Structures are given as structure tokens and as C-alpha cells.
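Pasted below: entry.txt, compact mmCIF, N, CA, C and O atoms.
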```
# COMPACT_ATOMS: atom_id res chain seq x y z
N MET J 1 106.47 111.21 125.76
CA MET J 1 105.41 111.45 124.79
C MET J 1 105.84 112.48 123.76
O MET J 1 105.36 112.47 122.64
N ALA J 2 106.73 113.36 124.15
CA ALA J 2 107.23 114.35 123.19
C ALA J 2 107.95 113.66 122.05
O ALA J 2 107.89 114.12 120.90
N PHE J 3 108.60 112.54 122.35
CA PHE J 3 109.30 111.78 121.32
C PHE J 3 108.33 111.33 120.22
O PHE J 3 108.63 111.42 119.04
N ILE J 4 107.14 110.89 120.64
CA ILE J 4 106.15 110.44 119.67
C ILE J 4 105.73 111.59 118.77
O ILE J 4 105.63 111.44 117.55
N THR J 5 105.51 112.75 119.35
CA THR J 5 105.12 113.92 118.56
C THR J 5 106.25 114.35 117.64
O THR J 5 106.03 114.68 116.48
N ILE J 6 107.46 114.36 118.15
CA ILE J 6 108.60 114.81 117.36
C ILE J 6 108.88 113.86 116.20
O ILE J 6 109.31 114.30 115.13
N VAL J 7 108.62 112.60 116.38
CA VAL J 7 108.93 111.61 115.33
C VAL J 7 107.73 111.35 114.42
O VAL J 7 107.86 111.39 113.19
N LEU J 8 106.57 111.08 114.99
CA LEU J 8 105.43 110.63 114.18
C LEU J 8 104.85 111.72 113.28
O LEU J 8 104.59 111.46 112.11
N LEU J 9 104.64 112.90 113.80
CA LEU J 9 104.01 113.94 112.97
C LEU J 9 104.87 114.36 111.79
O LEU J 9 104.37 114.41 110.66
N PRO J 10 106.16 114.66 111.97
CA PRO J 10 106.96 115.01 110.78
C PRO J 10 107.09 113.86 109.78
O PRO J 10 107.08 114.08 108.58
N THR J 11 107.18 112.63 110.29
CA THR J 11 107.27 111.49 109.39
C THR J 11 105.98 111.33 108.60
O THR J 11 106.01 111.04 107.40
N SER J 12 104.87 111.52 109.25
CA SER J 12 103.58 111.47 108.56
C SER J 12 103.47 112.56 107.50
O SER J 12 103.02 112.31 106.39
N CYS J 13 103.91 113.75 107.86
CA CYS J 13 103.88 114.86 106.89
C CYS J 13 104.80 114.58 105.71
O CYS J 13 104.45 114.87 104.56
N LEU J 14 105.95 114.01 105.98
CA LEU J 14 106.90 113.68 104.90
C LEU J 14 106.31 112.63 103.96
O LEU J 14 106.43 112.74 102.74
N ALA J 15 105.66 111.63 104.51
CA ALA J 15 105.05 110.59 103.68
C ALA J 15 103.91 111.18 102.84
O ALA J 15 103.80 110.89 101.65
N GLY J 16 103.09 112.02 103.44
CA GLY J 16 102.01 112.67 102.69
C GLY J 16 102.52 113.59 101.62
O GLY J 16 102.00 113.63 100.50
N LYS J 17 103.57 114.35 101.93
CA LYS J 17 104.17 115.25 100.93
C LYS J 17 104.77 114.47 99.78
O LYS J 17 104.63 114.84 98.61
N SER J 18 105.43 113.37 100.08
CA SER J 18 106.02 112.53 99.03
C SER J 18 104.94 111.94 98.13
O SER J 18 105.10 111.89 96.91
N ALA J 19 103.85 111.49 98.74
CA ALA J 19 102.74 110.95 97.94
C ALA J 19 102.12 112.05 97.08
O ALA J 19 101.78 111.82 95.92
N SER J 20 102.00 113.24 97.64
CA SER J 20 101.45 114.36 96.88
C SER J 20 102.37 114.72 95.71
O SER J 20 101.90 115.04 94.61
N ASP J 21 103.66 114.66 95.93
CA ASP J 21 104.62 114.92 94.84
C ASP J 21 104.48 113.89 93.73
O ASP J 21 104.58 114.22 92.55
N GLN J 22 104.25 112.63 94.10
CA GLN J 22 104.04 111.59 93.11
C GLN J 22 102.79 111.89 92.28
O GLN J 22 102.78 111.73 91.06
N LEU J 23 101.74 112.34 92.95
CA LEU J 23 100.50 112.71 92.26
C LEU J 23 100.75 113.89 91.32
O LEU J 23 100.27 113.89 90.18
N ASP J 24 101.51 114.88 91.77
CA ASP J 24 101.84 116.03 90.93
C ASP J 24 102.62 115.61 89.69
O ASP J 24 102.38 116.13 88.59
N LEU J 25 103.54 114.68 89.85
CA LEU J 25 104.31 114.20 88.70
C LEU J 25 103.41 113.52 87.67
O LEU J 25 103.57 113.71 86.46
N ARG J 26 102.46 112.72 88.16
CA ARG J 26 101.52 112.07 87.24
C ARG J 26 100.67 113.11 86.53
O ARG J 26 100.42 113.01 85.33
N THR J 27 100.21 114.12 87.25
CA THR J 27 99.34 115.13 86.68
C THR J 27 100.08 115.97 85.65
O THR J 27 99.55 116.25 84.56
N GLU J 28 101.30 116.36 85.97
CA GLU J 28 102.10 117.17 85.04
C GLU J 28 102.48 116.40 83.78
O GLU J 28 102.67 116.99 82.73
N ALA J 29 102.57 115.10 83.90
CA ALA J 29 102.92 114.27 82.73
C ALA J 29 101.70 114.00 81.86
O ALA J 29 101.81 113.36 80.83
N GLY J 30 100.55 114.50 82.26
CA GLY J 30 99.35 114.31 81.47
C GLY J 30 98.65 113.00 81.73
O GLY J 30 97.75 112.61 80.99
N ARG J 31 99.06 112.31 82.77
CA ARG J 31 98.44 111.02 83.10
C ARG J 31 97.47 111.20 84.27
O ARG J 31 97.57 110.53 85.28
N VAL J 32 96.54 112.10 84.09
CA VAL J 32 95.62 112.45 85.17
C VAL J 32 94.78 111.26 85.60
O VAL J 32 94.55 111.04 86.79
N PHE J 33 94.33 110.47 84.66
CA PHE J 33 93.45 109.35 84.98
C PHE J 33 94.20 108.03 85.13
O PHE J 33 93.58 106.99 85.30
N ALA J 34 95.53 108.10 85.12
CA ALA J 34 96.32 106.89 85.33
C ALA J 34 96.22 106.48 86.80
O ALA J 34 96.12 107.32 87.68
N SER J 35 96.23 105.20 87.01
CA SER J 35 96.14 104.74 88.41
C SER J 35 97.46 105.00 89.12
O SER J 35 98.53 104.99 88.50
N PRO J 36 97.40 105.25 90.41
CA PRO J 36 98.63 105.54 91.16
C PRO J 36 99.52 104.30 91.27
O PRO J 36 99.05 103.17 91.20
N SER J 37 100.79 104.55 91.44
CA SER J 37 101.73 103.44 91.61
C SER J 37 101.58 102.85 93.01
O SER J 37 101.02 103.48 93.90
N TRP J 38 102.09 101.67 93.20
CA TRP J 38 102.00 101.03 94.51
C TRP J 38 102.75 101.86 95.55
O TRP J 38 102.34 101.93 96.69
N TYR J 39 103.84 102.49 95.12
CA TYR J 39 104.64 103.30 96.03
C TYR J 39 103.84 104.49 96.55
O TYR J 39 103.89 104.82 97.73
N GLU J 40 103.09 105.13 95.67
CA GLU J 40 102.25 106.25 96.08
C GLU J 40 101.18 105.80 97.06
O GLU J 40 100.92 106.47 98.07
N ASN J 41 100.56 104.67 96.79
CA ASN J 41 99.54 104.13 97.70
C ASN J 41 100.13 103.82 99.08
O ASN J 41 99.50 104.12 100.10
N VAL J 42 101.32 103.25 99.10
CA VAL J 42 101.97 102.93 100.38
C VAL J 42 102.27 104.21 101.16
O VAL J 42 102.09 104.26 102.38
N LEU J 43 102.70 105.25 100.46
CA LEU J 43 102.99 106.52 101.13
C LEU J 43 101.73 107.12 101.75
O LEU J 43 101.75 107.61 102.89
N TRP J 44 100.61 107.10 101.00
CA TRP J 44 99.35 107.62 101.56
C TRP J 44 98.93 106.81 102.78
O TRP J 44 98.50 107.37 103.79
N LEU J 45 99.02 105.49 102.69
CA LEU J 45 98.63 104.65 103.82
C LEU J 45 99.55 104.86 105.02
O LEU J 45 99.09 104.89 106.16
N LEU J 46 100.83 105.02 104.76
CA LEU J 46 101.78 105.26 105.84
C LEU J 46 101.47 106.57 106.54
O LEU J 46 101.47 106.64 107.78
N ALA J 47 101.17 107.61 105.77
CA ALA J 47 100.82 108.90 106.37
C ALA J 47 99.58 108.76 107.25
O ALA J 47 99.53 109.28 108.37
N LEU J 48 98.58 108.06 106.75
CA LEU J 48 97.35 107.86 107.52
C LEU J 48 97.60 107.07 108.80
O LEU J 48 97.14 107.44 109.88
N VAL J 49 98.33 105.98 108.69
CA VAL J 49 98.59 105.13 109.86
C VAL J 49 99.39 105.90 110.91
O VAL J 49 99.09 105.82 112.10
N LEU J 50 100.38 106.66 110.48
CA LEU J 50 101.18 107.42 111.44
C LEU J 50 100.34 108.47 112.16
O LEU J 50 100.50 108.69 113.37
N MET J 51 99.44 109.12 111.44
CA MET J 51 98.55 110.10 112.09
C MET J 51 97.62 109.41 113.08
O MET J 51 97.37 109.92 114.18
N LEU J 52 97.10 108.24 112.72
CA LEU J 52 96.22 107.52 113.63
C LEU J 52 96.95 107.03 114.87
O LEU J 52 96.41 107.08 115.98
N VAL J 53 98.18 106.57 114.71
CA VAL J 53 98.97 106.13 115.87
C VAL J 53 99.26 107.32 116.78
O VAL J 53 99.17 107.22 118.00
N TRP J 54 99.59 108.46 116.18
CA TRP J 54 99.83 109.65 116.99
C TRP J 54 98.57 110.05 117.76
O TRP J 54 98.64 110.35 118.94
N ALA J 55 97.42 110.05 117.08
CA ALA J 55 96.16 110.41 117.74
C ALA J 55 95.84 109.43 118.86
O ALA J 55 95.38 109.83 119.94
N TRP J 56 96.07 108.16 118.64
CA TRP J 56 95.83 107.15 119.67
C TRP J 56 96.73 107.40 120.88
O TRP J 56 96.28 107.35 122.02
N ALA J 57 98.01 107.71 120.62
CA ALA J 57 98.95 107.96 121.72
C ALA J 57 98.55 109.22 122.50
O ALA J 57 98.62 109.24 123.73
N MET J 58 98.13 110.26 121.79
CA MET J 58 97.71 111.48 122.47
C MET J 58 96.44 111.23 123.30
O MET J 58 96.31 111.74 124.41
N ASN J 59 95.54 110.44 122.78
CA ASN J 59 94.32 110.10 123.52
C ASN J 59 94.66 109.35 124.80
O ASN J 59 94.10 109.64 125.86
N ARG J 60 95.56 108.41 124.72
CA ARG J 60 95.97 107.68 125.92
C ARG J 60 96.64 108.60 126.93
O ARG J 60 96.43 108.46 128.13
N LEU J 61 97.43 109.54 126.43
CA LEU J 61 98.09 110.48 127.32
C LEU J 61 97.07 111.34 128.05
O LEU J 61 97.14 111.50 129.27
N TRP J 62 96.12 111.89 127.33
CA TRP J 62 95.11 112.76 127.95
C TRP J 62 94.22 111.98 128.89
O TRP J 62 93.83 112.49 129.94
N ASN J 63 93.85 110.76 128.52
CA ASN J 63 92.99 109.95 129.40
C ASN J 63 93.72 109.56 130.67
O ASN J 63 93.11 109.49 131.74
N SER J 64 95.02 109.28 130.58
CA SER J 64 95.76 108.91 131.79
C SER J 64 95.99 110.12 132.68
O SER J 64 96.10 110.00 133.90
N ALA J 65 96.04 111.32 132.11
CA ALA J 65 96.23 112.53 132.91
C ALA J 65 94.96 112.87 133.69
O ALA J 65 95.03 113.49 134.75
N ASP J 66 93.81 112.47 133.16
CA ASP J 66 92.54 112.77 133.83
C ASP J 66 92.30 111.89 135.05
O ASP J 66 91.51 112.24 135.92
N LYS J 67 92.93 110.76 135.11
CA LYS J 67 92.67 109.80 136.20
C LYS J 67 93.48 110.09 137.42
O LYS J 67 94.39 110.73 137.57
```

Represent the structure from my file as C-alpha cells, please.
Amino acid sequence: MAFITIVLLPTSCLAGKSASDQLDLRTEAGRVFASPSWYENVLWLLALVLMLVWAWAMNRLWNSADK
């Protein structure tokens, strides 16, 4: 289970940070109201999915420890 934490959380953070950097680039370029690129959307979704998978795995771990 440590493997999941070591891999999923940093990868999720990296995807979120990359998406945030894309947003910063758009904002600094003066394109505040421009729609995000597909790449930025994929990064946000990837960060969310990885966090949800991690939470699901942790929930299964805690539930199996209680039994």
C-alpha cells in the first residue's frame, strides 16, 4: 500500500501543478477569459482521478484492517 501512496500522490500533485502552470501562463499572457487547452483539462482530470483512486485504495485498506 505504501507503493500506492508513494506513486499516486506525487503524480497527482505533479499533474495539478502542471495544470496550474498552464493556467498561470494563460493569465500572464492576458488571456484570462480564454478557454483552457485540452492538455490543461486532461491534467486537471488526471490529478482528480489519481486523488480519487488513492482515496479509494486507502479506504479499502482501512476497512480491511477493521475486519

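Counting only C-alpha atoms, Ala55 (chain J) has the following residues at most 10 Å away, ignoring those fewer than 6 positions along the same chain: Thr5, Leu8, Leu9, Val49 and Leu61 of chain J.
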
Within 8 Å of Tyr39 (chain J), counting all atoms listed in the file, which residues qualify if same-chain residues fewer than 5 places away don't, as a VMD selection string?
chain J and resid 15 18 to 19 22 44 to 46

Taking the chain letters and numbering used in this document, name the residues of chain J that DSSP puts in helix (DSSP H, G or I), as a PyMOL selection string.
chain J and resi 2-28+38-66

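Take atom O of Leu25 (chain J) and atom C of Asn41 (chain J): the distance between them is 16.4 Å.
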
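For the pair atom O of Ala29 (chain J) and atom C of Val42 (chain J), the interatomic distance is 22.3 Å.
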
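The two atoms in question, atom N of Gly16 (chain J) and atom N of Ala47 (chain J), are spaced 5.3 Å apart.
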
Quick one: what's the axis-aligned box for region 5-24 of chain J, all listed atoms, 5 Å on every side, centre and edges in Å to one decimal, as JSON?
```
{"center_x": 104.8, "center_y": 113.4, "center_z": 104.0, "size_x": 19.0, "size_y": 15.5, "size_z": 40.8}
```

Which residue, J:Cys13, J:Leu23, J:Val32, J:Ile4, has the smallest gap to Trp56 (chain J) when you use only C-alpha atoms?
J:Ile4

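When only C-alpha atoms are used to compute distances to Asp21 (chain J), the closest of the residues J:Met51, J:Ala57, J:Leu43, J:Ala34 turns out to be J:Leu43.
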
Once all heavy atoms are restored for region 6-17 of chain J, what would the output be as a PDB file, in the frame of the given file?
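And here is the file that came out, rebuild29.pdb:
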```
ATOM      1  N   ILE J   6     107.460 114.360 118.150  1.00  0.00           N
ATOM      2  CA  ILE J   6     108.600 114.810 117.360  1.00  0.00           C
ATOM      3  C   ILE J   6     108.880 113.860 116.200  1.00  0.00           C
ATOM      4  O   ILE J   6     109.310 114.300 115.130  1.00  0.00           O
ATOM      5  CB  ILE J   6     109.849 114.956 118.258  1.00  0.00           C
ATOM      6  CG1 ILE J   6     109.649 116.137 119.204  1.00  0.00           C
ATOM      7  CG2 ILE J   6     111.108 115.143 117.442  1.00  0.00           C
ATOM      8  CD1 ILE J   6     110.701 116.249 120.280  1.00  0.00           C
ATOM      9  N   VAL J   7     108.620 112.600 116.380  1.00  0.00           N
ATOM     10  CA  VAL J   7     108.930 111.610 115.330  1.00  0.00           C
ATOM     11  C   VAL J   7     107.730 111.350 114.420  1.00  0.00           C
ATOM     12  O   VAL J   7     107.860 111.390 113.190  1.00  0.00           O
ATOM     13  CB  VAL J   7     109.420 110.290 115.965  1.00  0.00           C
ATOM     14  CG1 VAL J   7     109.546 109.201 114.926  1.00  0.00           C
ATOM     15  CG2 VAL J   7     110.740 110.515 116.667  1.00  0.00           C
ATOM     16  N   LEU J   8     106.570 111.080 114.990  1.00  0.00           N
ATOM     17  CA  LEU J   8     105.430 110.630 114.180  1.00  0.00           C
ATOM     18  C   LEU J   8     104.850 111.720 113.280  1.00  0.00           C
ATOM     19  O   LEU J   8     104.590 111.460 112.110  1.00  0.00           O
ATOM     20  CB  LEU J   8     104.331 110.073 115.064  1.00  0.00           C
ATOM     21  CG  LEU J   8     104.597 108.715 115.685  1.00  0.00           C
ATOM     22  CD1 LEU J   8     103.406 108.279 116.511  1.00  0.00           C
ATOM     23  CD2 LEU J   8     104.921 107.679 114.645  1.00  0.00           C
ATOM     24  N   LEU J   9     104.640 112.900 113.800  1.00  0.00           N
ATOM     25  CA  LEU J   9     104.010 113.940 112.970  1.00  0.00           C
ATOM     26  C   LEU J   9     104.870 114.360 111.790  1.00  0.00           C
ATOM     27  O   LEU J   9     104.370 114.410 110.660  1.00  0.00           O
ATOM     28  CB  LEU J   9     103.622 115.138 113.829  1.00  0.00           C
ATOM     29  CG  LEU J   9     102.372 114.925 114.668  1.00  0.00           C
ATOM     30  CD1 LEU J   9     102.064 116.172 115.473  1.00  0.00           C
ATOM     31  CD2 LEU J   9     101.188 114.538 113.833  1.00  0.00           C
ATOM     32  N   PRO J  10     106.160 114.660 111.970  1.00  0.00           N
ATOM     33  CA  PRO J  10     106.960 115.010 110.780  1.00  0.00           C
ATOM     34  C   PRO J  10     107.090 113.860 109.780  1.00  0.00           C
ATOM     35  O   PRO J  10     107.080 114.080 108.580  1.00  0.00           O
ATOM     36  CB  PRO J  10     108.323 115.386 111.365  1.00  0.00           C
ATOM     37  CG  PRO J  10     108.057 115.759 112.763  1.00  0.00           C
ATOM     38  CD  PRO J  10     106.908 114.903 113.197  1.00  0.00           C
ATOM     39  N   THR J  11     107.180 112.630 110.290  1.00  0.00           N
ATOM     40  CA  THR J  11     107.270 111.490 109.390  1.00  0.00           C
ATOM     41  C   THR J  11     105.980 111.330 108.600  1.00  0.00           C
ATOM     42  O   THR J  11     106.010 111.040 107.400  1.00  0.00           O
ATOM     43  CB  THR J  11     107.584 110.209 110.183  1.00  0.00           C
ATOM     44  OG1 THR J  11     108.740 110.425 110.976  1.00  0.00           O
ATOM     45  CG2 THR J  11     107.814 109.040 109.257  1.00  0.00           C
ATOM     46  N   SER J  12     104.870 111.520 109.250  1.00  0.00           N
ATOM     47  CA  SER J  12     103.580 111.470 108.560  1.00  0.00           C
ATOM     48  C   SER J  12     103.470 112.560 107.500  1.00  0.00           C
ATOM     49  O   SER J  12     103.020 112.310 106.390  1.00  0.00           O
ATOM     50  CB  SER J  12     102.451 111.609 109.578  1.00  0.00           C
ATOM     51  OG  SER J  12     101.214 111.683 108.928  1.00  0.00           O
ATOM     52  N   CYS J  13     103.910 113.750 107.860  1.00  0.00           N
ATOM     53  CA  CYS J  13     103.880 114.860 106.890  1.00  0.00           C
ATOM     54  C   CYS J  13     104.800 114.580 105.710  1.00  0.00           C
ATOM     55  O   CYS J  13     104.450 114.870 104.560  1.00  0.00           O
ATOM     56  CB  CYS J  13     104.284 116.158 107.556  1.00  0.00           C
ATOM     57  SG  CYS J  13     103.077 116.750 108.744  1.00  0.00           S
ATOM     58  N   LEU J  14     105.950 114.010 105.980  1.00  0.00           N
ATOM     59  CA  LEU J  14     106.900 113.680 104.900  1.00  0.00           C
ATOM     60  C   LEU J  14     106.310 112.630 103.960  1.00  0.00           C
ATOM     61  O   LEU J  14     106.430 112.740 102.740  1.00  0.00           O
ATOM     62  CB  LEU J  14     108.213 113.193 105.496  1.00  0.00           C
ATOM     63  CG  LEU J  14     109.295 112.804 104.504  1.00  0.00           C
ATOM     64  CD1 LEU J  14     109.728 114.012 103.684  1.00  0.00           C
ATOM     65  CD2 LEU J  14     110.479 112.208 105.234  1.00  0.00           C
ATOM     66  N   ALA J  15     105.660 111.630 104.510  1.00  0.00           N
ATOM     67  CA  ALA J  15     105.050 110.590 103.680  1.00  0.00           C
ATOM     68  C   ALA J  15     103.910 111.180 102.840  1.00  0.00           C
ATOM     69  O   ALA J  15     103.800 110.890 101.650  1.00  0.00           O
ATOM     70  CB  ALA J  15     104.521 109.449 104.552  1.00  0.00           C
ATOM     71  N   GLY J  16     103.090 112.020 103.440  1.00  0.00           N
ATOM     72  CA  GLY J  16     102.010 112.670 102.690  1.00  0.00           C
ATOM     73  C   GLY J  16     102.520 113.590 101.620  1.00  0.00           C
ATOM     74  O   GLY J  16     102.000 113.630 100.500  1.00  0.00           O
ATOM     75  N   LYS J  17     103.570 114.350 101.930  1.00  0.00           N
ATOM     76  CA  LYS J  17     104.170 115.250 100.930  1.00  0.00           C
ATOM     77  C   LYS J  17     104.770 114.470  99.780  1.00  0.00           C
ATOM     78  O   LYS J  17     104.630 114.840  98.610  1.00  0.00           O
ATOM     79  CB  LYS J  17     105.222 116.128 101.608  1.00  0.00           C
ATOM     80  CG  LYS J  17     106.021 117.000 100.695  1.00  0.00           C
ATOM     81  CD  LYS J  17     105.185 118.107 100.097  1.00  0.00           C
ATOM     82  CE  LYS J  17     106.083 119.072  99.347  1.00  0.00           C
ATOM     83  NZ  LYS J  17     105.603 119.361  98.030  1.00  0.00           N
TER      84      LYS J  17
END
```
